[in-house]
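Peer 1: One structure, as structure tokens, below. Some questions next.
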Amino acid sequence: MLIFSTIRMSFANLRANAVRTFLTMLGVIIGISSILALLTIGQGVTDSVIDQLAGLGGNRATVAITDRTVKPGFTQGELSRFAALEGVEGVSPSLSSNRVLTLTPELTSSKYDGVYTISRRVMGVTDFYFSTYTKNAGMLYGRSISSDDVTHRTNVCVLGYDLWQRLYGNYSPVGEVIKINNTECVIVGVMNQLVGIDVSGNSSVLVPYTTAAQTFSMGLPSQFDVVIASSYDTEEVIGRVRDLCATLLNSPRGEGYSIVNQEEVVDMVVTITDLVLGMLAGIAVIALIVGGIGIMNMMLVTVSERTAEIGLRKALGARPGVILLQFLTEAVIISLFGGLVGVGLGVAISYVASVLIGYTFVFNPATALLALLFALLVGAVFGLLPARRAARMNPIEALRSA
Amino acid sequence: MDAPRHLLSLEGITKTYHMGDVPFPVLHGITLHVDAGEFVSVLGPSGSGKSTLMNIIGCLDVPDGGTYTLGRRAVAGLSEREMARLRNRDIGFVFQSFQLLPRLSALDNVMLPLIYAGVPRAKRRERAMAELTRVGLADKAQNLPRQLSGGQQQRVAIARALVTRPRLLLADEPTGALDRATGAQIMDIFRSLNSEGITVLMITHDHKVASYASRIVYILDGRLYSAEEYAALGES
């Protein structure tokens with residue numbers, strides 16, 4: 001009953017100083033909304049990274065020659081030996097370099113008049129690249145690169161989505177011919193837009209890696225991805241890959257090459273994301289503490305402005321505890337409302353961020369509740385000192401100040 | 001001992017203030033007995049110690065020496081909580097500057113002491129309204145203090161002082177901020193309240209105002225004198 005009267009009186013007092021109350025609240029709003037937004041965005045991004053990597057199917061490792069004097073690259077035959085290892089689903093060598101693309105009116109109908117040249121990344125890939133990395137996106141037109149293309153080093157190419165839009169716009173160029181470094185290549189397909197972490201294919205031309213190696217003189221691939229079948233133990237399969245590397249490079253002690261497990265990369269990404277967000281959240285907590293100091297400052301001003309009122313209330317029989325409760329209630333109301341608005345704003349910010357960055361928005365009520373409790377705590381802690389000052393005021397001196 | 005007969009007993013009350021290390025004795029052994037139903041004025045010039053005496057009687061301050069009994073309770077040694085309870089239940093204050101809260105309506109101001117007494121809201125309204133009616137301000141219940149004249153504000157303050165049905169109405173220069181005509185109206189209210197059986201103790205520096213009381217005691221340099229003693233003091 002007393003508490004209801006106290007809350008009612010607190011609202012009346014805060015309304016009487018609406019501008020001051022709002023400005024003080026702003027500190028809490030900024031603090032809480034940034035904490036909540038950072039936590040939500042961090043969780044969303046981490047989840048998305050993990051989802052996308054898991055969506056590729058199985059675990060992967062990247063094998064790379066670090067010292068090309070030991071061995072310049074892997075031959076097609078050597079790659080087949082890796083692919084044939086037990087537990088290896090396939091290997092995907094990667095070669096890429098910028099090359100000049102030429103579109104001439106005699107060979108192809110592009111968006112441009114006359115001869116058009118453009119420098120773009122040419123990626124040498126295998127059929128396996130399409131069956132694992134881009135299988136979710138799929139083909140917009142035509143077909144992907146086949147194992148026959150790889151084996152026979154055919155002059156065919158697949159266009160990435162963005163490049164296709166740039167060159168052709170809205171129709172299928174399948175069957176037409178473009179020149180890559182003056183070598184005529186038949187366009188056999190166009191990829192749908194890739195989304196996720198590695199979207200470099202969107203603006204590239206994809207050719208069989210054997211064609212890239214020889215015809216476009218990129219040399220033998222010095223690195224490739226190994227996709228490990230999900231039913232196998234990752235470490236065990238990587239062990240077999242390592243043994244084969246040691247044999248091929250004649251390097252029993254593991255010099256001259258590296259094998260990086262994708263899981264380790266994911267762990268690293270998550271660790272770094274957590275670290276960065278943790279630091280930002282730390283700054284946000286500091287902002288909230290500054291907000292708390294704002295509350296304390298405002299309440300100290302309020303207490304000294306209302307000295308006469310405090311004296312009167314004491315003369316009318318308000319116990320020190322009641323006075324303490326009244327001023328503490330005002331501080332907590334500021335922080336609680338600031339917290340509520342902050343949670344709303346934080347959720348809105350993280351929703352907008354999810355749309356902009358492109359991950360799925362997840363609202364966690366527990367995080368929101370935690371943020372709200374934190375706001376409450378800030379109000380109570382920083383409201384205590386001014387409230388105690390009010391409660392301990394000498395009623396005679398307080399009354400005399402009127 | 002016949003102390004319980006008195007509503008209020010002060011015996012040898014002393015009080016000394018300290019300005020840094022320098023002591024300023026304010027009250028030198030005040031002895032005063034007020035019976036239930038009396039209307040007593042304490043008359044004295046400024047600096048005589050009357051405000052300090054009022055603070056002690058009002059349980060806002062504690063004496064350094066002597067005993068103070070209100071009803072049957074010795075006030076000395078009470079905790080701050082118990083003092084607050086005494087102020088709430090047993091004493092009604094009327095101040096020179098009214099001391100109404102500017103953002104509360106007249107009715108809410110009168111209800112304030114009842115909040116601290118733990119009276120339910122409906123009951124608070126009812127009792128506050130009854131007191132406002134008693135001082136003739138029932139129609140101004142929803143007015144804010146600044147929408148009332150000085151005399152009306154002081155009547156609201158009197159209603160607030162009476163609303164907890166205290167044993168003692170304690171008034172400190174209740175007409176000090178009012179013109180003479182309005183001051184006289186306020187004094188008439190005190191007199192009529194006294195005739196209804198309410199004990200009034202008033203502190204003032206104004207002879208005319210003091211003369212409304214049934215008994216006047218004089219305070220001078222921290223000592224209290226009866227009318228006869230004061231007259232003798234003047235002759236010597």
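Just so we're on the same page: first chain in the structure tokens is A, next is B, and so on; residues restart at 1 for each chain, and ligands are numbered from 1 in the order they show up.
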Identify every residue of chain B that has at least one atom within 7 Å of any atom of chain A, counting only C-alpha atoms, and report the result as a PyMOL selection string.
Peer 2: chain B and resi 60+81+84-85+87-88+99+101+113+115-116+118
Peer 1: Could you take the residues named above and write them with C-alpha atoms, as a short mmCIF file (atom, residue, chain, number, x, y, z; two decimals), in the first residue's frame?
Peer 2:
data_model
loop_
_atom_site.label_atom_id
_atom_site.label_comp_id
_atom_site.auth_asym_id
_atom_site.auth_seq_id
_atom_site.Cartn_x
_atom_site.Cartn_y
_atom_site.Cartn_z
CA LEU B 60 12.36 16.82 15.43
CA ARG B 81 11.79 5.31 13.67
CA ALA B 84 8.91 9.49 13.23
CA ARG B 85 5.98 7.50 14.56
CA ARG B 87 5.47 12.91 14.85
CA ASN B 88 3.04 11.06 12.66
CA GLN B 99 4.90 23.86 3.83
CA LEU B 101 3.84 20.30 -1.47
CA PRO B 113 0.46 12.01 6.85
CA ILE B 115 0.12 7.49 3.88
CA TYR B 116 2.88 7.28 6.48
CA GLY B 118 -0.51 3.19 6.74
#
Peer 1: Quick one: residues within 9 Å of range 209-223 of chain B, only C-alpha atoms counted, chain neighbours fewer than 5 positions away excluded, as a VMD selection string?
Peer 2: chain B and resid 14 to 15 25 to 32 38 to 45 47 to 50 53 173 175 183 to 184 187 to 188 190 to 191 200 to 204 229 to 230
Peer 1: Name all residues at most 6 Å from range 327-344 of chain A (count only C-alpha atoms; drop same-chain ones fewer than 5 positions away) and give them as a ChimeraX atom specification.
Peer 2: /A:10,25,28-29,32-33,372,375-376,379-380,383,387
Peer 1: Distance CA of Gln262 in chain A-CA of Phe82 in chain A, one decimal place?
Peer 2: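 Straight-line distance from CA of Gln262 in chain A to CA of Phe82 in chain A works out to 17.3 Å.
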Peer 1: What is the CA of Val190 in chain A to CA of Asp162 in chain A distance in Å?
Peer 2: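 CA of Asp162 in chain A lies at a distance of 9.8 Å from CA of Val190 in chain A.
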Peer 1: For Ala281 in chain A, work out the shell of residues within 12 Å, counting only C-alpha atoms and skipping chain neighbours fewer than 2 positions away, then give it as a ChimeraX atom specification.
Peer 2: /A:30-42,273-279,283-288,371
Peer 1: As a compact mmCIF listing (two decimals) with N, CA and C atoms, in the first residue's frame, please: every residue in range 8-217 of chain B that a backbone DSSP assignment puts in strand (DSSP E or B).
Peer 2:
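File selection_18.txt, as written:
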# COMPACT_ATOMS: atom_id res chain seq x y z
N LEU B 8 1.90 16.92 28.32
CA LEU B 8 3.26 17.20 27.87
C LEU B 8 4.04 17.73 29.06
N SER B 9 5.18 17.09 29.36
CA SER B 9 6.00 17.54 30.48
C SER B 9 7.44 17.74 30.04
N LEU B 10 7.94 18.96 30.21
CA LEU B 10 9.36 19.21 29.98
C LEU B 10 9.96 19.52 31.34
N GLU B 11 11.05 18.84 31.69
CA GLU B 11 11.71 19.07 32.99
C GLU B 11 13.19 19.33 32.74
N GLY B 12 13.58 20.57 32.97
CA GLY B 12 15.01 20.93 32.92
C GLY B 12 15.67 20.66 31.59
N ILE B 13 14.97 20.99 30.51
CA ILE B 13 15.50 20.73 29.17
C ILE B 13 16.64 21.70 28.85
N THR B 14 17.78 21.15 28.42
CA THR B 14 18.90 21.99 27.97
C THR B 14 19.30 21.58 26.56
N LYS B 15 19.81 22.59 25.83
CA LYS B 15 20.28 22.31 24.47
C LYS B 15 21.39 23.28 24.13
N THR B 16 22.47 22.76 23.63
CA THR B 16 23.60 23.61 23.23
C THR B 16 23.99 23.25 21.79
N TYR B 17 24.10 24.27 20.96
CA TYR B 17 24.59 24.03 19.59
C TYR B 17 26.08 24.35 19.53
N HIS B 18 26.73 23.74 18.59
CA HIS B 18 28.17 23.99 18.43
C HIS B 18 28.44 24.51 17.03
N MET B 19 29.04 25.69 17.00
CA MET B 19 29.50 26.23 15.73
C MET B 19 30.99 25.94 15.66
N VAL B 22 33.01 26.20 19.05
CA VAL B 22 32.42 27.17 19.97
C VAL B 22 31.01 26.74 20.36
N PRO B 23 30.76 26.53 21.66
CA PRO B 23 29.42 26.13 22.09
C PRO B 23 28.48 27.33 22.20
N PHE B 24 27.25 27.15 21.73
CA PHE B 24 26.22 28.18 21.86
C PHE B 24 25.06 27.60 22.65
N PRO B 25 25.04 27.86 23.95
CA PRO B 25 23.91 27.32 24.72
C PRO B 25 22.62 28.04 24.31
N VAL B 26 21.58 27.27 24.00
CA VAL B 26 20.34 27.87 23.52
C VAL B 26 19.23 27.75 24.56
N LEU B 27 19.14 26.59 25.18
CA LEU B 27 18.10 26.39 26.21
C LEU B 27 18.78 26.07 27.55
N HIS B 28 18.38 26.81 28.60
CA HIS B 28 18.98 26.61 29.94
C HIS B 28 17.94 26.04 30.89
N GLY B 29 17.63 24.78 30.80
CA GLY B 29 16.74 24.19 31.78
C GLY B 29 15.31 24.67 31.67
N ILE B 30 14.63 24.26 30.62
CA ILE B 30 13.24 24.64 30.40
C ILE B 30 12.33 23.64 31.10
N THR B 31 11.40 24.16 31.88
CA THR B 31 10.40 23.30 32.50
C THR B 31 9.02 23.83 32.12
N LEU B 32 8.22 22.93 31.50
CA LEU B 32 6.90 23.36 31.03
C LEU B 32 5.95 22.16 31.09
N HIS B 33 4.75 22.38 31.62
CA HIS B 33 3.73 21.34 31.66
C HIS B 33 2.51 21.84 30.92
N VAL B 34 2.00 21.06 30.02
CA VAL B 34 0.78 21.43 29.31
C VAL B 34 -0.23 20.31 29.51
N PHE B 39 -4.66 25.68 25.66
CA PHE B 39 -4.17 26.44 24.51
C PHE B 39 -3.07 27.35 25.06
N VAL B 40 -1.83 26.97 24.82
CA VAL B 40 -0.70 27.69 25.41
C VAL B 40 0.09 28.39 24.31
N SER B 41 0.44 29.65 24.56
CA SER B 41 1.35 30.37 23.67
C SER B 41 2.72 30.48 24.32
N VAL B 42 3.77 30.23 23.53
CA VAL B 42 5.12 30.51 24.00
C VAL B 42 5.54 31.77 23.25
N LEU B 43 5.72 32.85 24.00
CA LEU B 43 5.99 34.14 23.39
C LEU B 43 7.44 34.53 23.64
N GLY B 65 19.89 17.62 27.75
CA GLY B 65 19.63 17.22 29.14
C GLY B 65 18.17 17.44 29.48
N GLY B 66 17.75 16.89 30.62
CA GLY B 66 16.37 17.04 31.05
C GLY B 66 15.51 15.90 30.52
N THR B 67 14.23 15.89 30.91
CA THR B 67 13.33 14.83 30.43
C THR B 67 12.13 15.46 29.74
N TYR B 68 11.66 14.72 28.73
CA TYR B 68 10.50 15.16 27.97
C TYR B 68 9.54 13.98 27.88
N THR B 69 8.36 14.19 28.36
CA THR B 69 7.35 13.14 28.32
C THR B 69 6.15 13.63 27.53
N LEU B 70 5.74 12.84 26.56
CA LEU B 70 4.57 13.17 25.74
C LEU B 70 3.55 12.06 25.97
N ARG B 73 4.76 8.63 27.33
CA ARG B 73 6.03 8.16 26.77
C ARG B 73 7.17 9.14 27.00
N ALA B 74 8.29 8.64 27.50
CA ALA B 74 9.51 9.44 27.58
C ALA B 74 10.13 9.49 26.20
N ILE B 91 1.56 14.29 16.98
CA ILE B 91 1.80 15.73 16.81
C ILE B 91 1.32 16.18 15.44
N GLY B 92 0.61 17.33 15.42
CA GLY B 92 0.26 17.94 14.14
C GLY B 92 0.99 19.27 14.02
N PHE B 93 1.75 19.41 12.92
CA PHE B 93 2.55 20.63 12.76
C PHE B 93 1.83 21.65 11.89
N VAL B 94 1.91 22.93 12.33
CA VAL B 94 1.50 24.03 11.46
C VAL B 94 2.68 25.00 11.40
N LEU B 168 -1.55 16.65 20.09
CA LEU B 168 -1.05 18.01 20.24
C LEU B 168 -0.94 18.68 18.89
N LEU B 169 -1.50 19.91 18.80
CA LEU B 169 -1.33 20.72 17.60
C LEU B 169 -0.22 21.72 17.90
N LEU B 170 0.86 21.64 17.11
CA LEU B 170 2.03 22.45 17.37
C LEU B 170 2.15 23.48 16.25
N ALA B 171 2.02 24.77 16.61
CA ALA B 171 2.02 25.81 15.58
C ALA B 171 3.20 26.74 15.80
N ASP B 172 3.95 26.96 14.71
CA ASP B 172 5.14 27.81 14.78
C ASP B 172 4.87 29.07 13.96
N THR B 199 -5.68 20.14 22.06
CA THR B 199 -4.62 20.85 22.77
C THR B 199 -3.75 21.59 21.75
N VAL B 200 -3.52 22.88 22.00
CA VAL B 200 -2.74 23.68 21.06
C VAL B 200 -1.55 24.29 21.78
N LEU B 201 -0.36 24.14 21.18
CA LEU B 201 0.82 24.83 21.68
C LEU B 201 1.34 25.68 20.53
N MET B 202 1.39 27.01 20.77
CA MET B 202 1.76 27.91 19.68
C MET B 202 2.98 28.71 20.08
N ILE B 203 3.88 28.88 19.11
CA ILE B 203 5.09 29.66 19.36
C ILE B 203 5.02 30.89 18.49
N THR B 204 5.23 32.08 19.12
CA THR B 204 5.11 33.32 18.36
C THR B 204 5.94 34.42 19.01
N ARG B 215 -3.33 30.54 28.00
CA ARG B 215 -2.18 30.77 28.89
C ARG B 215 -0.99 31.17 28.04
N ILE B 216 -0.22 32.14 28.52
CA ILE B 216 0.97 32.58 27.81
C ILE B 216 2.18 32.31 28.69
N VAL B 217 3.20 31.69 28.14
CA VAL B 217 4.49 31.61 28.85
C VAL B 217 5.49 32.37 28.00
Peer 1: Between CA of Val260 in chain A and CA of Ala61 in chain A, what is the spacing in Å?
Peer 2: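 It comes out at 5.4 Å.
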Peer 1: Please provide as a ChimeraX atom specification all residues within 12 Å of Phe216 in chain A, with the sequence filter that same-chain residues fewer than 4 positions apart are discarded (counting only C-alpha atoms).
Peer 2: /A:95-101,121-124,153-155,179-185,207-212,220
Peer 1: Please write the residues from the selection above to a file, keeping C-alpha atoms, as a CSV table (one decimal), in the first residue's frame.
Peer 2:
chain,number,residue,atom,x,y,z
A,95,LEU,CA,43.5,-22.1,-59.1
A,96,SER,CA,42.6,-18.5,-59.7
A,97,SER,CA,44.1,-15.5,-61.4
A,98,ASN,CA,42.8,-12.5,-63.3
A,99,ARG,CA,42.6,-12.9,-67.1
A,100,VAL,CA,41.3,-10.7,-69.9
A,101,LEU,CA,37.9,-11.6,-71.2
A,121,ARG,CA,39.0,-13.6,-62.1
A,122,VAL,CA,39.3,-17.0,-63.7
A,123,MET,CA,38.8,-19.9,-61.3
A,124,GLY,CA,40.0,-23.4,-62.2
A,153,ARG,CA,40.9,-30.1,-70.5
A,154,THR,CA,38.1,-28.7,-72.6
A,155,ASN,CA,37.7,-25.0,-73.4
A,179,LYS,CA,37.6,-15.3,-75.4
A,180,ILE,CA,39.7,-15.8,-72.3
A,181,ASN,CA,43.3,-14.6,-73.0
A,182,ASN,CA,42.4,-15.0,-76.7
A,183,THR,CA,41.4,-18.6,-76.3
A,184,GLU,CA,37.8,-19.3,-77.4
A,185,CYS,CA,35.7,-20.8,-74.6
A,207,VAL,CA,36.8,-23.2,-66.1
A,208,PRO,CA,38.1,-26.8,-65.6
A,209,TYR,CA,41.2,-26.5,-63.4
A,210,THR,CA,43.2,-28.5,-66.0
A,211,THR,CA,42.4,-25.9,-68.6
A,212,ALA,CA,43.3,-23.1,-66.2
A,220,LEU,CA,49.7,-26.9,-61.2
Peer 1: Enumerate, as a ChimeraX atom specification, the complete set of residues in range 10-217 of chain B that a backbone-based DSSP assignment places in alpha helix (DSSP H).
Peer 2: /B:50-57,80-89,106-117,121-134,150-162,180-195,207-210
Peer 1: Show which residues sit within 10 Å of Ser231 in chain A, as an MDAnalysis selection string. Count only C-alpha atoms, and ignore same-chain residues fewer than 2 positions away.
Peer 2: chainID A and resid 58 87 228:229 233:234
Peer 1: Since we have the selection now, will you write its residues out, keeping N, CA and C atoms, as an mmCIF file, in the first residue's frame?
Peer 2:
data_model
loop_
_atom_site.group_PDB
_atom_site.id
_atom_site.type_symbol
_atom_site.label_atom_id
_atom_site.label_comp_id
_atom_site.auth_asym_id
_atom_site.auth_seq_id
_atom_site.Cartn_x
_atom_site.Cartn_y
_atom_site.Cartn_z
ATOM 1 N N GLY A 58 29.678 -32.357 -44.292
ATOM 2 C CA GLY A 58 30.949 -32.938 -43.868
ATOM 3 C C GLY A 58 31.949 -31.887 -43.445
ATOM 4 N N GLY A 87 37.536 -42.436 -46.697
ATOM 5 C CA GLY A 87 36.925 -41.362 -45.909
ATOM 6 C C GLY A 87 36.978 -40.009 -46.605
ATOM 7 N N ILE A 228 35.745 -34.384 -46.229
ATOM 8 C CA ILE A 228 35.763 -35.647 -45.493
ATOM 9 C C ILE A 228 34.325 -36.123 -45.301
ATOM 10 N N ALA A 229 34.082 -37.381 -45.625
ATOM 11 C CA ALA A 229 32.741 -37.955 -45.475
ATOM 12 C C ALA A 229 32.328 -37.868 -44.016
ATOM 13 N N ASP A 233 35.878 -40.297 -38.962
ATOM 14 C CA ASP A 233 36.506 -39.454 -37.965
ATOM 15 C C ASP A 233 37.481 -38.505 -38.664
ATOM 16 N N THR A 234 37.291 -37.227 -38.482
ATOM 17 C CA THR A 234 38.064 -36.201 -39.186
ATOM 18 C C THR A 234 39.573 -36.396 -38.999
#
Peer 1: Of the candidates B:Arg155, B:Glu228, B:Arg180, B:Ala138, which shows the shortest atom-to-atom distance to Asp206 in chain B, using only C-alpha atoms?
Peer 2: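 Residue with the minimum atom-to-atom distance to Asp206 in chain B: B:Arg180.
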Peer 1: Of the residues A:Thr360, A:Asn59, A:Thr134, A:Ser119, which is the one nearest to Asn261 in chain A, using only C-alpha atoms?
Peer 2: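 Of the candidates, the smallest distance to Asn261 in chain A is held by A:Asn59.
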